[in-house]
file my_file_32.cif (mmCIF, C-alpha atoms and all ligand atoms)
data_query
loop_
_atom_site.label_atom_id
_atom_site.label_comp_id
_atom_site.auth_asym_id
_atom_site.auth_seq_id
_atom_site.Cartn_x
_atom_site.Cartn_y
_atom_site.Cartn_z
CA MET X 1 -11.04 12.85 12.39
CA THR X 2 -12.97 9.67 11.73
CA ALA X 3 -11.85 7.12 9.15
CA LEU X 4 -13.18 7.52 5.60
CA LEU X 5 -14.16 3.85 5.49
CA GLU X 6 -14.95 1.64 8.44
CA VAL X 7 -15.68 -2.05 8.04
CA GLN X 8 -16.99 -3.78 11.13
CA ASP X 9 -17.27 -7.50 11.63
CA LEU X 10 -18.19 -7.94 7.96
CA ARG X 11 -19.47 -11.33 6.83
CA VAL X 12 -20.19 -12.34 3.26
CA ALA X 13 -21.34 -15.74 1.99
CA TYR X 14 -21.88 -17.37 -1.38
CA GLY X 15 -24.75 -19.69 -0.60
CA LYS X 16 -23.59 -21.79 2.32
CA ILE X 17 -19.95 -20.92 1.87
CA GLU X 18 -18.79 -18.03 4.00
CA ALA X 19 -16.02 -16.24 2.08
CA VAL X 20 -15.56 -13.36 4.55
CA LYS X 21 -15.81 -14.39 8.18
CA GLY X 22 -16.13 -11.27 10.29
CA ILE X 23 -13.42 -8.82 9.30
CA SER X 24 -12.90 -5.31 10.67
CA PHE X 25 -10.62 -2.65 9.25
CA THR X 26 -10.45 1.06 8.58
CA VAL X 27 -9.19 3.24 5.76
CA ASP X 28 -8.03 6.64 6.95
CA ARG X 29 -8.39 9.75 4.84
CA GLY X 30 -5.44 10.54 2.60
CA GLU X 31 -3.80 7.17 3.16
CA VAL X 32 -3.07 4.12 1.05
CA THR X 33 -4.43 1.01 2.75
CA THR X 34 -3.58 -2.41 1.38
CA LEU X 35 -5.23 -5.80 1.64
CA ILE X 36 -2.91 -8.66 0.80
CA GLY X 37 -3.50 -12.36 1.09
CA THR X 38 -3.45 -15.71 -0.61
CA ASN X 39 -5.73 -16.69 -3.50
CA GLY X 40 -9.28 -17.11 -2.33
CA ALA X 41 -8.71 -15.21 0.92
CA GLY X 42 -11.75 -13.01 0.31
CA LYS X 43 -10.16 -9.75 -0.90
CA THR X 44 -12.25 -9.32 -4.04
CA THR X 45 -15.38 -10.36 -2.15
CA THR X 46 -14.64 -7.62 0.38
CA LEU X 47 -14.27 -4.90 -2.27
CA ARG X 48 -17.38 -6.06 -4.12
CA THR X 49 -19.36 -5.88 -0.89
CA ILE X 50 -18.12 -2.36 -0.13
CA SER X 51 -19.24 -1.36 -3.64
CA GLY X 52 -22.69 -2.79 -2.98
CA LEU X 53 -22.39 -5.52 -5.61
CA LEU X 54 -22.73 -8.17 -2.90
CA ARG X 55 -24.83 -7.92 0.23
CA PRO X 56 -23.20 -8.77 3.54
CA THR X 57 -24.68 -11.46 5.73
CA GLY X 58 -23.48 -9.63 8.79
CA GLY X 59 -21.60 -6.60 10.05
CA GLY X 60 -21.54 -3.07 8.76
CA ILE X 61 -19.77 -0.67 6.43
CA THR X 62 -19.60 3.06 7.08
CA PHE X 63 -18.32 5.36 4.35
CA ASP X 64 -17.75 9.04 5.00
CA GLY X 65 -20.03 8.84 8.01
CA GLN X 66 -22.86 7.07 6.21
CA ASP X 67 -24.01 3.52 6.80
CA LEU X 68 -23.83 1.81 3.39
CA GLY X 69 -26.24 -0.90 4.49
CA SER X 70 -29.15 1.32 3.51
CA VAL X 71 -27.64 2.66 0.26
CA PRO X 72 -28.45 0.89 -3.03
CA ALA X 73 -25.43 -0.08 -5.18
CA HIS X 74 -26.17 2.45 -7.91
CA ARG X 75 -26.02 5.29 -5.38
CA ILE X 76 -22.71 4.28 -3.84
CA VAL X 77 -20.64 5.83 -6.66
CA SER X 78 -22.38 9.15 -6.10
CA LEU X 79 -21.14 9.12 -2.50
CA GLY X 80 -17.58 9.21 -3.79
CA LEU X 81 -16.56 5.59 -3.94
CA ALA X 82 -15.00 4.18 -7.13
CA HIS X 83 -13.98 0.60 -7.83
CA SER X 84 -11.54 -0.59 -10.47
CA PRO X 85 -12.47 -4.29 -10.52
CA GLU X 86 -10.31 -7.36 -10.79
CA GLY X 87 -9.84 -8.34 -14.41
CA ARG X 88 -10.51 -5.65 -16.91
CA HIS X 89 -14.23 -5.11 -17.31
CA ILE X 90 -13.90 -2.48 -19.96
CA PHE X 91 -16.32 -2.23 -22.87
CA PRO X 92 -14.32 -3.59 -25.82
CA ARG X 93 -16.45 -2.18 -28.65
CA MET X 94 -16.60 1.31 -27.24
CA THR X 95 -13.67 3.66 -27.74
CA ILE X 96 -11.16 4.38 -25.05
CA GLU X 97 -12.61 7.85 -24.63
CA GLU X 98 -16.15 6.50 -24.34
CA ASN X 99 -14.99 4.06 -21.69
CA LEU X 100 -13.42 6.92 -19.73
CA LEU X 101 -16.60 9.01 -20.04
CA LEU X 102 -18.64 6.16 -18.57
CA GLY X 103 -16.74 6.70 -15.34
CA ALA X 104 -18.17 10.25 -15.22
CA PHE X 105 -21.77 9.24 -15.85
CA LEU X 106 -23.05 10.98 -12.72
CA ARG X 107 -21.26 14.26 -13.32
CA ARG X 108 -22.86 17.32 -14.83
CA ASP X 109 -19.75 19.47 -15.34
CA PRO X 110 -18.62 19.07 -18.97
CA ALA X 111 -15.55 21.27 -18.52
CA GLY X 112 -14.38 19.30 -15.49
CA ILE X 113 -15.06 16.02 -17.27
CA ALA X 114 -13.02 17.09 -20.31
CA GLU X 115 -10.21 18.14 -17.98
CA ASP X 116 -10.26 14.74 -16.28
CA VAL X 117 -10.18 12.89 -19.63
CA GLU X 118 -7.01 14.88 -20.39
CA ARG X 119 -5.64 14.04 -16.96
CA ALA X 120 -6.22 10.30 -17.53
CA CYS X 121 -4.50 10.60 -20.93
CA THR X 122 -1.54 12.36 -19.35
CA LEU X 123 -1.34 9.77 -16.59
CA PHE X 124 -1.45 6.97 -19.19
CA PRO X 125 -0.25 8.36 -22.53
CA VAL X 126 -1.30 5.25 -24.45
CA LEU X 127 -4.92 6.10 -23.67
CA GLY X 128 -4.49 9.53 -25.20
CA GLU X 129 -2.74 8.26 -28.31
CA ARG X 130 -5.53 5.78 -29.00
CA ARG X 131 -8.55 7.51 -27.52
CA ARG X 132 -10.77 6.99 -30.57
CA GLN X 133 -9.92 3.31 -31.03
CA ALA X 134 -12.01 0.46 -29.70
CA ALA X 135 -10.90 -0.39 -26.18
CA GLY X 136 -10.80 -4.08 -27.13
CA THR X 137 -7.69 -3.37 -29.21
CA LEU X 138 -5.69 -2.45 -26.11
CA SER X 139 -3.32 -4.99 -24.61
CA GLY X 140 -4.22 -6.53 -21.26
CA GLY X 141 -2.01 -4.13 -19.31
CA GLU X 142 -3.34 -1.16 -21.24
CA GLN X 143 -6.91 -2.23 -20.48
CA GLN X 144 -5.91 -2.31 -16.82
CA MET X 145 -4.83 1.33 -17.13
CA LEU X 146 -8.10 2.20 -18.81
CA ALA X 147 -10.04 0.60 -15.95
CA MET X 148 -8.05 2.68 -13.47
CA GLY X 149 -8.48 5.85 -15.54
CA ARG X 150 -12.21 5.23 -15.74
CA ALA X 151 -12.50 4.78 -11.97
CA LEU X 152 -10.80 8.15 -11.49
CA MET X 153 -13.32 9.89 -13.74
CA SER X 154 -15.86 10.07 -10.91
CA ARG X 155 -13.34 12.07 -8.83
CA PRO X 156 -13.74 9.62 -5.99
CA LYS X 157 -12.96 10.24 -2.35
CA LEU X 158 -12.01 6.58 -2.13
CA LEU X 159 -10.53 4.64 -5.02
CA MET X 160 -10.56 0.86 -4.62
CA LEU X 161 -8.14 -0.99 -6.89
CA ASP X 162 -8.35 -4.76 -7.21
CA GLU X 163 -4.97 -6.06 -8.38
CA PRO X 164 -4.13 -3.17 -10.70
CA SER X 165 -0.76 -4.67 -11.57
CA MET X 166 -2.12 -8.05 -12.65
CA GLY X 167 -0.56 -9.15 -15.92
CA LEU X 168 1.63 -6.08 -16.22
CA SER X 169 5.30 -5.98 -17.11
CA PRO X 170 7.64 -4.84 -14.31
CA LEU X 171 7.96 -1.45 -15.96
CA MET X 172 4.21 -0.95 -16.23
CA MET X 173 3.79 -2.18 -12.70
CA GLN X 174 6.18 0.52 -11.51
CA LYS X 175 4.12 3.00 -13.47
CA ILE X 176 0.91 1.91 -11.75
CA MET X 177 2.57 2.08 -8.34
CA ALA X 178 3.94 5.56 -9.11
CA THR X 179 0.46 6.61 -10.19
CA ILE X 180 -0.92 5.44 -6.85
CA VAL X 181 1.66 7.55 -5.00
CA GLU X 182 0.78 10.52 -7.21
CA LEU X 183 -2.95 10.10 -6.59
CA LYS X 184 -2.31 9.96 -2.88
CA SER X 185 -0.33 13.20 -3.07
CA THR X 186 -3.35 14.88 -4.64
CA GLY X 187 -5.56 13.77 -1.77
CA THR X 188 -7.21 10.60 -3.09
CA THR X 189 -7.62 7.89 -0.47
CA ILE X 190 -6.84 4.43 -1.82
CA LEU X 191 -7.77 0.89 -0.85
CA LEU X 192 -5.47 -1.41 -2.76
CA VAL X 193 -5.66 -5.17 -3.19
CA GLU X 194 -2.41 -6.58 -4.56
CA GLN X 195 -0.69 -9.91 -5.09
CA ASN X 196 2.58 -8.09 -5.47
CA ALA X 197 3.10 -7.66 -1.75
CA GLN X 198 6.54 -6.09 -1.99
CA ALA X 199 5.37 -3.24 -4.19
CA ALA X 200 2.09 -2.75 -2.34
CA LEU X 201 3.58 -2.76 1.15
CA SER X 202 6.32 -0.34 0.14
CA LEU X 203 3.80 2.36 -0.61
CA SER X 204 1.06 1.66 1.90
CA ASP X 205 0.42 3.44 5.17
CA ARG X 206 -1.54 0.56 6.69
CA SER X 207 -1.89 -3.05 5.59
CA TYR X 208 -4.05 -5.99 6.46
CA VAL X 209 -3.23 -9.60 5.67
CA MET X 210 -6.20 -11.85 4.90
CA GLU X 211 -6.29 -15.63 5.05
CA THR X 212 -9.40 -17.72 4.35
CA GLY X 213 -11.87 -14.97 5.13
CA ARG X 214 -10.13 -13.50 8.17
CA ILE X 215 -7.66 -10.74 8.88
CA VAL X 216 -4.68 -12.41 10.49
CA LEU X 217 -2.20 -9.57 10.69
CA THR X 218 -2.15 -5.80 10.50
CA GLY X 219 0.51 -3.13 10.63
CA THR X 220 2.07 -0.31 8.70
CA GLY X 221 3.43 -1.24 5.27
CA ALA X 222 6.94 -0.99 6.70
CA ASP X 223 6.07 -3.25 9.67
CA LEU X 224 4.75 -5.98 7.44
CA LEU X 225 7.62 -5.72 4.98
CA HIS X 226 9.87 -6.61 7.88
CA ASN X 227 7.57 -9.22 9.39
CA GLU X 228 9.07 -12.68 9.16
CA SER X 229 5.89 -14.61 8.42
CA VAL X 230 4.87 -12.09 5.74
CA ARG X 231 8.29 -12.36 4.17
CA LYS X 232 7.99 -16.14 4.07
CA ALA X 233 4.41 -16.32 2.83
CA TYR X 234 4.26 -13.40 0.43
CA LEU X 235 7.74 -12.36 -0.51
CA GLY X 236 8.98 -15.86 -1.29
CA GLU X 237 11.74 -15.91 1.29
CA GLU X 238 12.89 -18.99 3.13
N1 LIG Z 1 -19.45 -16.16 -7.22
C1 LIG Z 1 -18.94 -17.02 -6.34
N2 LIG Z 1 -19.59 -18.13 -5.98
C2 LIG Z 1 -19.10 -19.01 -5.07
N3 LIG Z 1 -17.93 -18.85 -4.45
C3 LIG Z 1 -17.21 -17.75 -4.77
C4 LIG Z 1 -17.67 -16.79 -5.73
N4 LIG Z 1 -16.74 -15.82 -5.83
C5 LIG Z 1 -15.75 -16.16 -4.98
N5 LIG Z 1 -16.02 -17.31 -4.35
C6 LIG Z 1 -15.19 -17.98 -3.33
O1 LIG Z 1 -15.01 -17.09 -2.24
C7 LIG Z 1 -13.68 -17.16 -1.73
C8 LIG Z 1 -13.05 -15.78 -1.77
O2 LIG Z 1 -12.87 -15.39 -3.11
P1 LIG Z 1 -12.28 -13.97 -3.53
O3 LIG Z 1 -12.45 -13.83 -4.99
O4 LIG Z 1 -12.87 -12.94 -2.66
O5 LIG Z 1 -10.75 -14.16 -3.14
P2 LIG Z 1 -9.49 -13.23 -3.40
O6 LIG Z 1 -8.84 -13.00 -2.08
O7 LIG Z 1 -9.86 -12.05 -4.19
O8 LIG Z 1 -8.53 -14.20 -4.25
P3 LIG Z 1 -7.52 -13.90 -5.48
O9 LIG Z 1 -6.27 -13.38 -4.86
O10 LIG Z 1 -7.34 -15.23 -6.08
O11 LIG Z 1 -8.19 -12.91 -6.39
C9 LIG Z 1 -12.97 -18.21 -2.60
O12 LIG Z 1 -13.01 -19.41 -1.92
C10 LIG Z 1 -13.80 -18.25 -3.86
O13 LIG Z 1 -13.72 -19.51 -4.47
MG MG Z 2 -9.37 -11.36 -6.05
#
call {"tool": "encode", "arguments": {"input": "my_file_32.cif", "output": "structure tokens"}}
result
Amino acid sequence: MTALLEVQDLRVAYGKIEAVKGISFTVDRGEVTTLIGTNGAGKTTTLRTISGLLRPTGGGITFDGQDLGSVPAHRIVSLGLAHSPEGRHIFPRMTIEENLLLGAFLRRDPAGIAEDVERACTLFPVLGERRRQAAGTLSGGEQQMLAMGRALMSRPKLLMLDEPSMGLSPLMMQKIMATIVELKSTGTTILLVEQNAQAALSLSDRSYVMETGRIVLTGTGADLLHNESVRKAYLGEE
């Protein structure tokens, strides 16, 4: 079976500055694939390009057999690709429930949508307890959960998460990681960008290490957890 997502020799530039310099990787169906790397390596740029928010200057992206180069950004979600962006990007004046419903804007199945709101509230109980409050009243970590819950509301084939554990307490981080494992067990394919390399590698099937716009290393999560240079650079070991 072909990969769900295939990125080939992708290049992305901001003006004259090339942030992604020809990277290739695949995300296989049913797997968790992780991109790790130093600040500024190009991870967020890569996800934003896959989502159609940025246009590549070279290379190609194939999702579920379709070349995304010809698909406008607003149609990419309807193909089954959801993106929980870096930072929170929730709508602070809208309620938590309204924010979740925004994630389902393309769906026409009210019963399924209601079921998925309940599912998000079960996954993250704080969202259920406060569903009619303005999302801006949530703490940073709680807003992170809302962003993830909202991304799931489109029932994506591929869920891209950009640093979902950023700013979270260790306990909440464990919760997010457990949620990722749970989503995988229900068949969602995940592309995860994480600074917390230990946690991310422990649960990923395949990982890619990015440095200044290039992929410098790839392997299974377990391989990279045991790789000496990864341990030095990302796990803080001497
Ligand atoms: N809008 C922009 N305009 C100009 N340069 C940008 C812009 N966004 C990102 N960059 C630059 O592109 C490079 C890659 O940035 P990117 O945000 O993709 O990195 P990242 O791997 O996600 O880093 P981090 O781990 O810090 O989130 C960096 O050098 C960054 O400064
Ligand atoms: Mg980033």
call {"tool": "residues_around", "arguments": {"input": "my_file_32.cif", "residues": "stretch 157-160 of chain X", "least_positions_apart": "4", "cutoff": "12 Å", "atoms": "all atoms listed in the file", "output": "PyMOL selection string"}}
result
chain X and resi 3-5+27-35+43-44+46-51+63-64+76-86+147-153+164+180+183-184+186-194
call {"tool": "closest_residue", "arguments": {"input": "my_file_32.cif", "among": "X:Ser70, X:Gln144, X:Thr26, X:Thr45", "to": "X:His89", "atoms": "all atoms listed in the file"}}
result
X:Gln144
call {"tool": "residues_near_ligand", "arguments": {"input": "my_file_32.cif", "ligand": "ligand LIG 1 (chain Z)", "cutoff": "6 Å", "atoms": "only C-alpha atoms and all ligand atoms", "output": "list in words"}}
result
Tyr14, Ala19, Thr38, Asn39, Gly40, Ala41, Gly42, Lys43, Thr44 and Thr45 of chain X
call {"tool": "residues_around", "arguments": {"input": "my_file_32.cif", "residues": "stretch 90-105 of chain X", "least_positions_apart": "5", "cutoff": "6 Å", "atoms": "all atoms listed in the file", "output": "PyMOL selection string"}}
result
chain X and resi 131-136+150-151+153-154
call {"tool": "closest_residue", "arguments": {"input": "my_file_32.cif", "among": "X:Asp205, X:Asp223, X:Glu163, X:Glu228", "to": "ligand MG 2 (chain Z)", "atoms": "all atoms listed in the file"}}
result
X:Glu163
call {"tool": "atom_distance", "arguments": {"input": "my_file_32.cif", "atom1": "atom CA of X:His74", "atom2": "atom CA of X:Gly87"}}
result
20.6 Å
call {"tool": "decode", "arguments": {"input": "my_file_32.cif", "residues": "stretch 162-177 of chain X", "atoms": "N, CA and C atoms", "output": "tab-separated table (two decimals), in the first residue's frame"}}
result
chain	number	residue	atom	x	y	z
X	162	ASP	N	1.51	20.39	15.57
X	162	ASP	CA	2.75	21.16	15.70
X	162	ASP	C	3.00	21.51	17.16
X	163	GLU	N	3.88	20.78	17.78
X	163	GLU	CA	4.25	20.97	19.19
X	163	GLU	C	3.05	21.00	20.13
X	164	PRO	N	2.30	19.90	20.16
X	164	PRO	CA	1.11	19.88	21.01
X	164	PRO	C	1.43	19.96	22.49
X	165	SER	N	2.64	19.65	22.89
X	165	SER	CA	2.92	19.67	24.33
X	165	SER	C	3.55	20.98	24.78
X	166	MET	N	3.65	21.96	23.85
X	166	MET	CA	4.31	23.20	24.22
X	166	MET	C	3.61	23.89	25.38
X	167	GLY	N	4.36	24.22	26.41
X	167	GLY	CA	3.81	24.95	27.54
X	167	GLY	C	2.98	24.10	28.49
X	168	LEU	N	2.99	22.79	28.31
X	168	LEU	CA	2.16	21.95	29.18
X	168	LEU	C	2.97	21.39	30.35
X	169	SER	N	2.27	21.17	31.45
X	169	SER	CA	2.91	20.53	32.60
X	169	SER	C	3.22	19.08	32.21
X	170	PRO	N	4.16	18.45	32.95
X	170	PRO	CA	4.51	17.06	32.62
X	170	PRO	C	3.28	16.14	32.60
X	171	LEU	N	2.36	16.38	33.51
X	171	LEU	CA	1.18	15.53	33.57
X	171	LEU	C	0.31	15.70	32.33
X	172	MET	N	0.11	16.96	31.93
X	172	MET	CA	-0.69	17.23	30.75
X	172	MET	C	0.01	16.74	29.49
X	173	MET	N	1.34	16.83	29.52
X	173	MET	CA	2.08	16.33	28.36
X	173	MET	C	1.86	14.83	28.20
X	174	GLN	N	1.90	14.12	29.32
X	174	GLN	CA	1.63	12.67	29.27
X	174	GLN	C	0.25	12.40	28.71
X	175	LYS	N	-0.68	13.27	29.08
X	175	LYS	CA	-2.06	13.11	28.62
X	175	LYS	C	-2.15	13.28	27.10
X	176	ILE	N	-1.43	14.29	26.60
X	176	ILE	CA	-1.43	14.52	25.15
X	176	ILE	C	-0.80	13.32	24.43
X	177	MET	N	0.31	12.84	24.98
X	177	MET	CA	0.99	11.71	24.35
X	177	MET	C	0.10	10.46	24.38
